[in-house]
Amino acid sequence: MPDETVPPVPEVDYQKRLRPRTYAVAVYVVGLFVLMQLVALGLAFWFRQNVTIEKVGPALSEEVVAIVTPVEEPPVTEPPIRKPESSPLDARPEGRLSVAPGGAVDQQVAQLNEDARLFRRNGDFSMAEVALRQALDLKPNDLLTLTNYAMLEEARGERRAAFARWSQVIETAPEGDPTIRLARERAVLLEEALRLEADARRREEALLEGIDRRITVADVRVEPDPLPEFPLEIRRDFLLKSANRSIPVDASKLRVQVFVYDQIDGRRLEPAKIEAKFLSGQPDFNRPEGETLRTIYTASPDEPERKYYGYIVRVFYDNQLQYQRAEPRSLLELFSGR
């Protein structure tokens with residue numbers, strides 16, 4: 001019998017036949033074009049939300065030298081007790097004084113001053129003050145203690161208190177004592193710095209008076225607090241908020257300057273590099289909680305001649321100054337008119 005098996009009919013891809021190669025290429029090109037348009041729109045939106053952050057400050061005039069010259073260690077009229085290399089002072093837990101009650105008063109006072117000096121250099125200003133107060137209780141008007149107290153006030157930014165302490169040193173020191181010269185130099189510098197701060201404060205109030213402010217800095221947080229004398233890293237968080245909730249803030253019109261300065265060889269100031277960014281990728285200043293700008297300063301261990309000095313932050317909206325702050329405040333004097 002003849003083989004009546006019918007051969008299978010091959011399947012035909014009608015969809016493929018209806019879409020020739022040129023059609024498929026055209027579809028891919030159109031899809032790629034649409035994708036590029038979406039990416040462009042996304043980038044445009046991102047740039048509209050992006051805030052201009054300036055992080056490297058301009059070089060400053062040499063006129064700053066007379067204002068920022070650091071205080072040197074005071075001459076020691078009573079040599080401190082030499083401690084063994086394994087002194088408990090070097091590893092004092094929870095801030096502990098190394099001096100024990102009893103013994104000669106002069107030796108206790110000298111040791112307390114040494115403790116205060118180390119506490120101050122480590123940024124433990126409260127324990128430094130405890131040591132100095134104990135030293136003054138043992139020996140009122142002690143010249144070395146008063147000098148260290150003045151240096152402590154300068155270290156924690158209390159310039160008026162420091163000026164008063166240096167004035168006390170001048171009144172207490174006998175004529176011809178080398179400490180008088182140091183105290184007079186510091187008093188002159190502090191008096192000038194206080195004058196500049198007062199002038200800067202008046203100019204700032206006049207500058208911002210009557211401005212329709214759109215943005216402001218509601219809070220500034222710093223770590224560590226207080227700052228040690230030689231900080232290795234400083235983190236500051238600036239909380240920016242809308243100054244008028246009824247008027248939307250356009251982030252593209254916002255410009256923030258955060259400039260940090262190091263002191264070189266105890267004389268001139270030089271801009272320091274920092275990291276600065278908003279914690280949210282696309283800051284929205286119309287939110288009630290505001291937006292946080294985080295800055296991180298890191299010291300240069302390979303450049304021992306550099307020492308942290310201070311910072312200035314200024315906020316502009318549509319090229320109009322909205323807010324400014326500096327530590328020390330005398331830095332505002334150097335930026336007047338810039």
# chains A, B, ... in the order shown; residues from 1 in each chain; ligands from 1

$ select_by_dssp --residues "range 155-229 of chain A" --states "helix (DSSP H, G or I)" --output "VMD selection string"
chain A and resid 155 159 to 172 178 to 208

$ write_last_selection --atoms "N, CA and C atoms" --output "compact mmCIF listing (two decimals), in the first residue's frame"
# COMPACT_ATOMS: atom_id res chain seq x y z
N ALA A 155 41.94 79.40 73.66
CA ALA A 155 41.74 78.12 72.98
C ALA A 155 40.27 77.81 72.79
N ARG A 159 37.26 85.30 73.79
CA ARG A 159 38.26 86.36 73.64
C ARG A 159 38.14 87.45 74.70
N ARG A 160 36.94 87.79 75.09
CA ARG A 160 36.79 88.80 76.14
C ARG A 160 37.37 88.30 77.45
N ALA A 161 37.07 87.04 77.78
CA ALA A 161 37.63 86.46 79.01
C ALA A 161 39.14 86.37 78.92
N ALA A 162 39.66 86.02 77.74
CA ALA A 162 41.11 85.94 77.57
C ALA A 162 41.75 87.32 77.74
N PHE A 163 41.12 88.34 77.18
CA PHE A 163 41.64 89.71 77.33
C PHE A 163 41.69 90.09 78.80
N ALA A 164 40.65 89.74 79.56
CA ALA A 164 40.63 90.05 81.00
C ALA A 164 41.74 89.31 81.73
N ARG A 165 42.00 88.05 81.35
CA ARG A 165 43.06 87.28 82.00
C ARG A 165 44.44 87.85 81.69
N TRP A 166 44.67 88.23 80.43
CA TRP A 166 45.97 88.82 80.09
C TRP A 166 46.16 90.15 80.81
N SER A 167 45.09 90.91 80.95
CA SER A 167 45.18 92.17 81.70
C SER A 167 45.55 91.90 83.15
N GLN A 168 45.02 90.82 83.71
CA GLN A 168 45.36 90.44 85.08
C GLN A 168 46.83 90.04 85.19
N VAL A 169 47.33 89.37 84.15
CA VAL A 169 48.76 89.01 84.14
C VAL A 169 49.61 90.26 84.15
N ILE A 170 49.24 91.26 83.33
CA ILE A 170 50.00 92.50 83.26
C ILE A 170 50.03 93.21 84.61
N GLU A 171 48.89 93.17 85.31
CA GLU A 171 48.82 93.83 86.62
C GLU A 171 49.60 93.06 87.68
N THR A 172 49.71 91.74 87.52
CA THR A 172 50.31 90.90 88.55
C THR A 172 51.82 90.74 88.39
N PRO A 178 59.52 88.53 81.83
CA PRO A 178 59.29 88.30 80.39
C PRO A 178 57.83 88.01 80.05
N THR A 179 57.04 87.58 81.04
CA THR A 179 55.64 87.28 80.76
C THR A 179 54.86 88.54 80.43
N ILE A 180 55.29 89.70 80.94
CA ILE A 180 54.57 90.95 80.68
C ILE A 180 54.54 91.25 79.18
N ARG A 181 55.64 91.03 78.52
CA ARG A 181 55.69 91.31 77.08
C ARG A 181 54.70 90.43 76.32
N LEU A 182 54.67 89.13 76.66
CA LEU A 182 53.72 88.23 76.02
C LEU A 182 52.29 88.67 76.30
N ALA A 183 52.00 89.02 77.54
CA ALA A 183 50.64 89.42 77.91
C ALA A 183 50.22 90.69 77.17
N ARG A 184 51.13 91.64 77.05
CA ARG A 184 50.79 92.89 76.36
C ARG A 184 50.53 92.64 74.87
N GLU A 185 51.35 91.79 74.26
CA GLU A 185 51.15 91.47 72.85
C GLU A 185 49.79 90.81 72.63
N ARG A 186 49.46 89.84 73.51
CA ARG A 186 48.18 89.16 73.35
C ARG A 186 47.01 90.10 73.61
N ALA A 187 47.15 90.98 74.60
CA ALA A 187 46.07 91.91 74.91
C ALA A 187 45.80 92.84 73.72
N VAL A 188 46.85 93.32 73.08
CA VAL A 188 46.69 94.20 71.92
C VAL A 188 45.99 93.47 70.78
N LEU A 189 46.43 92.23 70.51
CA LEU A 189 45.83 91.46 69.43
C LEU A 189 44.37 91.14 69.72
N LEU A 190 44.08 90.77 70.95
CA LEU A 190 42.70 90.44 71.30
C LEU A 190 41.80 91.66 71.23
N GLU A 191 42.31 92.79 71.68
CA GLU A 191 41.52 94.02 71.62
C GLU A 191 41.19 94.38 70.17
N GLU A 192 42.16 94.19 69.28
CA GLU A 192 41.92 94.47 67.87
C GLU A 192 40.93 93.46 67.28
N ALA A 193 41.07 92.19 67.66
CA ALA A 193 40.15 91.16 67.16
C ALA A 193 38.73 91.44 67.64
N LEU A 194 38.58 91.85 68.89
CA LEU A 194 37.25 92.17 69.40
C LEU A 194 36.65 93.36 68.67
N ARG A 195 37.49 94.34 68.33
CA ARG A 195 36.99 95.49 67.57
C ARG A 195 36.52 95.06 66.19
N LEU A 196 37.30 94.21 65.53
CA LEU A 196 36.92 93.73 64.21
C LEU A 196 35.63 92.92 64.26
N GLU A 197 35.49 92.10 65.30
CA GLU A 197 34.27 91.31 65.44
C GLU A 197 33.05 92.21 65.62
N ALA A 198 33.20 93.24 66.42
CA ALA A 198 32.08 94.17 66.62
C ALA A 198 31.74 94.89 65.31
N ASP A 199 32.77 95.31 64.56
CA ASP A 199 32.52 95.96 63.28
C ASP A 199 31.84 95.01 62.30
N ALA A 200 32.32 93.75 62.28
CA ALA A 200 31.73 92.76 61.38
C ALA A 200 30.28 92.48 61.74
N ARG A 201 29.99 92.44 63.02
CA ARG A 201 28.61 92.20 63.46
C ARG A 201 27.70 93.34 63.03
N ARG A 202 28.17 94.57 63.16
CA ARG A 202 27.36 95.72 62.74
C ARG A 202 27.14 95.71 61.23
N ARG A 203 28.20 95.40 60.46
CA ARG A 203 28.05 95.36 59.01
C ARG A 203 27.11 94.24 58.58
N GLU A 204 27.21 93.11 59.26
CA GLU A 204 26.34 91.98 58.93
C GLU A 204 24.87 92.33 59.17
N GLU A 205 24.59 92.98 60.29
CA GLU A 205 23.22 93.36 60.59
C GLU A 205 22.71 94.38 59.56
N ALA A 206 23.57 95.32 59.18
CA ALA A 206 23.17 96.32 58.19
C ALA A 206 22.99 95.69 56.81
N LEU A 207 23.85 94.71 56.50
CA LEU A 207 23.81 94.07 55.19
C LEU A 207 22.53 93.26 55.00
N LEU A 208 22.11 92.57 56.06
CA LEU A 208 20.95 91.69 55.96
C LEU A 208 19.65 92.39 56.30

$ select_by_dssp --residues "range 104-305 of chain A" --states "strand (DSSP E)" --output "number ranges by chain"
A: 215-223, 233-242, 254-264, 268-272, 274-278, 291-298

$ write_last_selection --atoms "N, CA and C atoms" --output "short mmCIF file (atom, residue, chain, number, x, y, z; two decimals), in the first residue's frame"
data_model
loop_
_atom_site.label_atom_id
_atom_site.label_comp_id
_atom_site.auth_asym_id
_atom_site.auth_seq_id
_atom_site.Cartn_x
_atom_site.Cartn_y
_atom_site.Cartn_z
N ILE A 215 16.16 81.82 52.33
CA ILE A 215 16.81 80.65 52.92
C ILE A 215 17.67 81.10 54.09
N THR A 216 17.80 80.25 55.08
CA THR A 216 18.66 80.58 56.22
C THR A 216 19.25 79.31 56.78
N VAL A 217 20.26 79.46 57.63
CA VAL A 217 20.87 78.32 58.33
C VAL A 217 20.28 78.29 59.73
N ALA A 218 19.49 77.27 60.00
CA ALA A 218 18.77 77.19 61.27
C ALA A 218 19.61 76.63 62.40
N ASP A 219 20.64 75.84 62.07
CA ASP A 219 21.44 75.20 63.12
C ASP A 219 22.78 74.79 62.55
N VAL A 220 23.80 74.79 63.41
CA VAL A 220 25.14 74.33 63.04
C VAL A 220 25.61 73.38 64.13
N ARG A 221 25.98 72.17 63.75
CA ARG A 221 26.48 71.18 64.71
C ARG A 221 27.89 70.77 64.31
N VAL A 222 28.74 70.62 65.31
CA VAL A 222 30.14 70.32 65.05
C VAL A 222 30.59 69.15 65.91
N GLU A 223 31.43 68.31 65.35
CA GLU A 223 32.08 67.21 66.07
C GLU A 223 33.56 67.21 65.70
N GLU A 233 40.25 65.88 62.51
CA GLU A 233 39.08 65.87 61.62
C GLU A 233 37.96 66.66 62.28
N ILE A 234 37.26 67.47 61.49
CA ILE A 234 36.14 68.26 61.98
C ILE A 234 34.97 68.03 61.04
N ARG A 235 33.84 67.63 61.62
CA ARG A 235 32.62 67.46 60.83
C ARG A 235 31.60 68.50 61.27
N ARG A 236 31.08 69.26 60.32
CA ARG A 236 30.06 70.25 60.60
C ARG A 236 28.82 69.97 59.76
N ASP A 237 27.68 70.06 60.40
CA ASP A 237 26.39 69.91 59.72
C ASP A 237 25.65 71.24 59.77
N PHE A 238 25.34 71.79 58.61
CA PHE A 238 24.59 73.04 58.50
C PHE A 238 23.16 72.70 58.07
N LEU A 239 22.19 73.08 58.88
CA LEU A 239 20.79 72.82 58.57
C LEU A 239 20.21 74.05 57.86
N LEU A 240 19.91 73.89 56.58
CA LEU A 240 19.36 74.98 55.77
C LEU A 240 17.85 74.81 55.67
N LYS A 241 17.12 75.90 55.94
CA LYS A 241 15.67 75.87 55.88
C LYS A 241 15.14 77.08 55.12
N SER A 242 13.93 76.91 54.59
CA SER A 242 13.27 78.03 53.94
C SER A 242 12.94 79.09 54.99
N LEU A 254 20.30 78.67 44.46
CA LEU A 254 21.01 78.66 45.74
C LEU A 254 22.49 78.41 45.54
N ARG A 255 23.30 79.21 46.23
CA ARG A 255 24.76 79.05 46.17
C ARG A 255 25.31 79.14 47.59
N VAL A 256 26.09 78.13 47.96
CA VAL A 256 26.64 78.06 49.32
C VAL A 256 28.17 78.08 49.24
N GLN A 257 28.77 78.93 50.05
CA GLN A 257 30.23 78.98 50.18
C GLN A 257 30.60 78.48 51.58
N VAL A 258 31.44 77.46 51.63
CA VAL A 258 31.98 76.98 52.90
C VAL A 258 33.49 76.91 52.74
N PHE A 259 34.18 77.86 53.35
CA PHE A 259 35.62 77.96 53.21
C PHE A 259 36.28 77.69 54.56
N VAL A 260 37.25 76.80 54.56
CA VAL A 260 38.01 76.48 55.77
C VAL A 260 39.45 76.93 55.53
N TYR A 261 40.07 77.46 56.59
CA TYR A 261 41.44 77.96 56.47
C TYR A 261 42.36 77.32 57.50
N ASP A 262 43.56 77.00 57.03
CA ASP A 262 44.64 76.55 57.90
C ASP A 262 45.59 77.72 58.14
N GLN A 263 46.27 77.63 59.26
CA GLN A 263 47.31 78.61 59.57
C GLN A 263 48.65 77.96 59.25
N ILE A 264 49.49 78.68 58.52
CA ILE A 264 50.77 78.14 58.08
C ILE A 264 51.90 78.78 58.87
N ARG A 268 50.55 83.13 58.20
CA ARG A 268 49.53 83.42 57.18
C ARG A 268 48.43 82.34 57.17
N LEU A 269 47.34 82.69 56.52
CA LEU A 269 46.23 81.76 56.34
C LEU A 269 46.22 81.24 54.91
N GLU A 270 45.80 80.00 54.77
CA GLU A 270 45.76 79.36 53.46
C GLU A 270 44.51 78.50 53.37
N PRO A 271 43.81 78.49 52.22
CA PRO A 271 42.60 77.67 52.10
C PRO A 271 42.92 76.19 52.30
N ALA A 272 42.01 75.49 52.96
CA ALA A 272 42.13 74.05 53.17
C ALA A 272 41.06 73.33 52.35
N ILE A 274 38.19 70.60 51.71
CA ILE A 274 37.18 69.92 52.52
C ILE A 274 36.25 69.13 51.62
N GLU A 275 35.51 68.22 52.22
CA GLU A 275 34.41 67.54 51.55
C GLU A 275 33.12 68.26 51.95
N ALA A 276 32.20 68.43 51.01
CA ALA A 276 30.95 69.11 51.31
C ALA A 276 29.86 68.57 50.39
N LYS A 277 28.77 68.10 50.97
CA LYS A 277 27.63 67.63 50.18
C LYS A 277 26.38 67.59 51.06
N PHE A 278 25.23 67.67 50.40
CA PHE A 278 23.97 67.52 51.10
C PHE A 278 23.69 66.04 51.35
N GLU A 291 17.18 70.85 54.89
CA GLU A 291 18.21 69.98 54.31
C GLU A 291 19.53 70.22 55.03
N THR A 292 20.31 69.14 55.20
CA THR A 292 21.57 69.22 55.94
C THR A 292 22.75 69.16 54.98
N LEU A 293 23.61 70.17 55.08
CA LEU A 293 24.86 70.20 54.34
C LEU A 293 25.98 69.74 55.29
N ARG A 294 26.66 68.68 54.93
CA ARG A 294 27.73 68.14 55.78
C ARG A 294 29.08 68.48 55.18
N THR A 295 29.96 69.04 56.01
CA THR A 295 31.33 69.33 55.59
C THR A 295 32.29 68.56 56.49
N ILE A 296 33.36 68.07 55.89
CA ILE A 296 34.37 67.31 56.64
C ILE A 296 35.74 67.89 56.32
N TYR A 297 36.40 68.36 57.36
CA TYR A 297 37.78 68.86 57.26
C TYR A 297 38.72 67.81 57.82
N THR A 298 39.79 67.52 57.10
CA THR A 298 40.79 66.56 57.56
C THR A 298 42.15 67.24 57.54
#

$ atom_distance --atom1 "CA of Tyr309 in chain A" --atom2 "CA of Glu327 in chain A"
8.5 Å

$ closest_residue --among "A:Leu232, A:Arg156, A:Ala128, A:Asn122" --to "Asp302 in chain A" --atoms "only C-alpha atoms"
A:Leu232

$ residues_around --residues "range 132-145 of chain A" --least-positions-apart "2" --cutoff "9 Å" --atoms "only C-alpha atoms" --output "NGL selection string"
:A and (74-78 or 105-106 or 108-113 or 115-116 or 127-130 or 147-150 or 168-169 or 172-173 or 179)

$ atom_distance --atom1 "CA of Arg325 in chain A" --atom2 "CA of Tyr311 in chain A"
8.4 Å
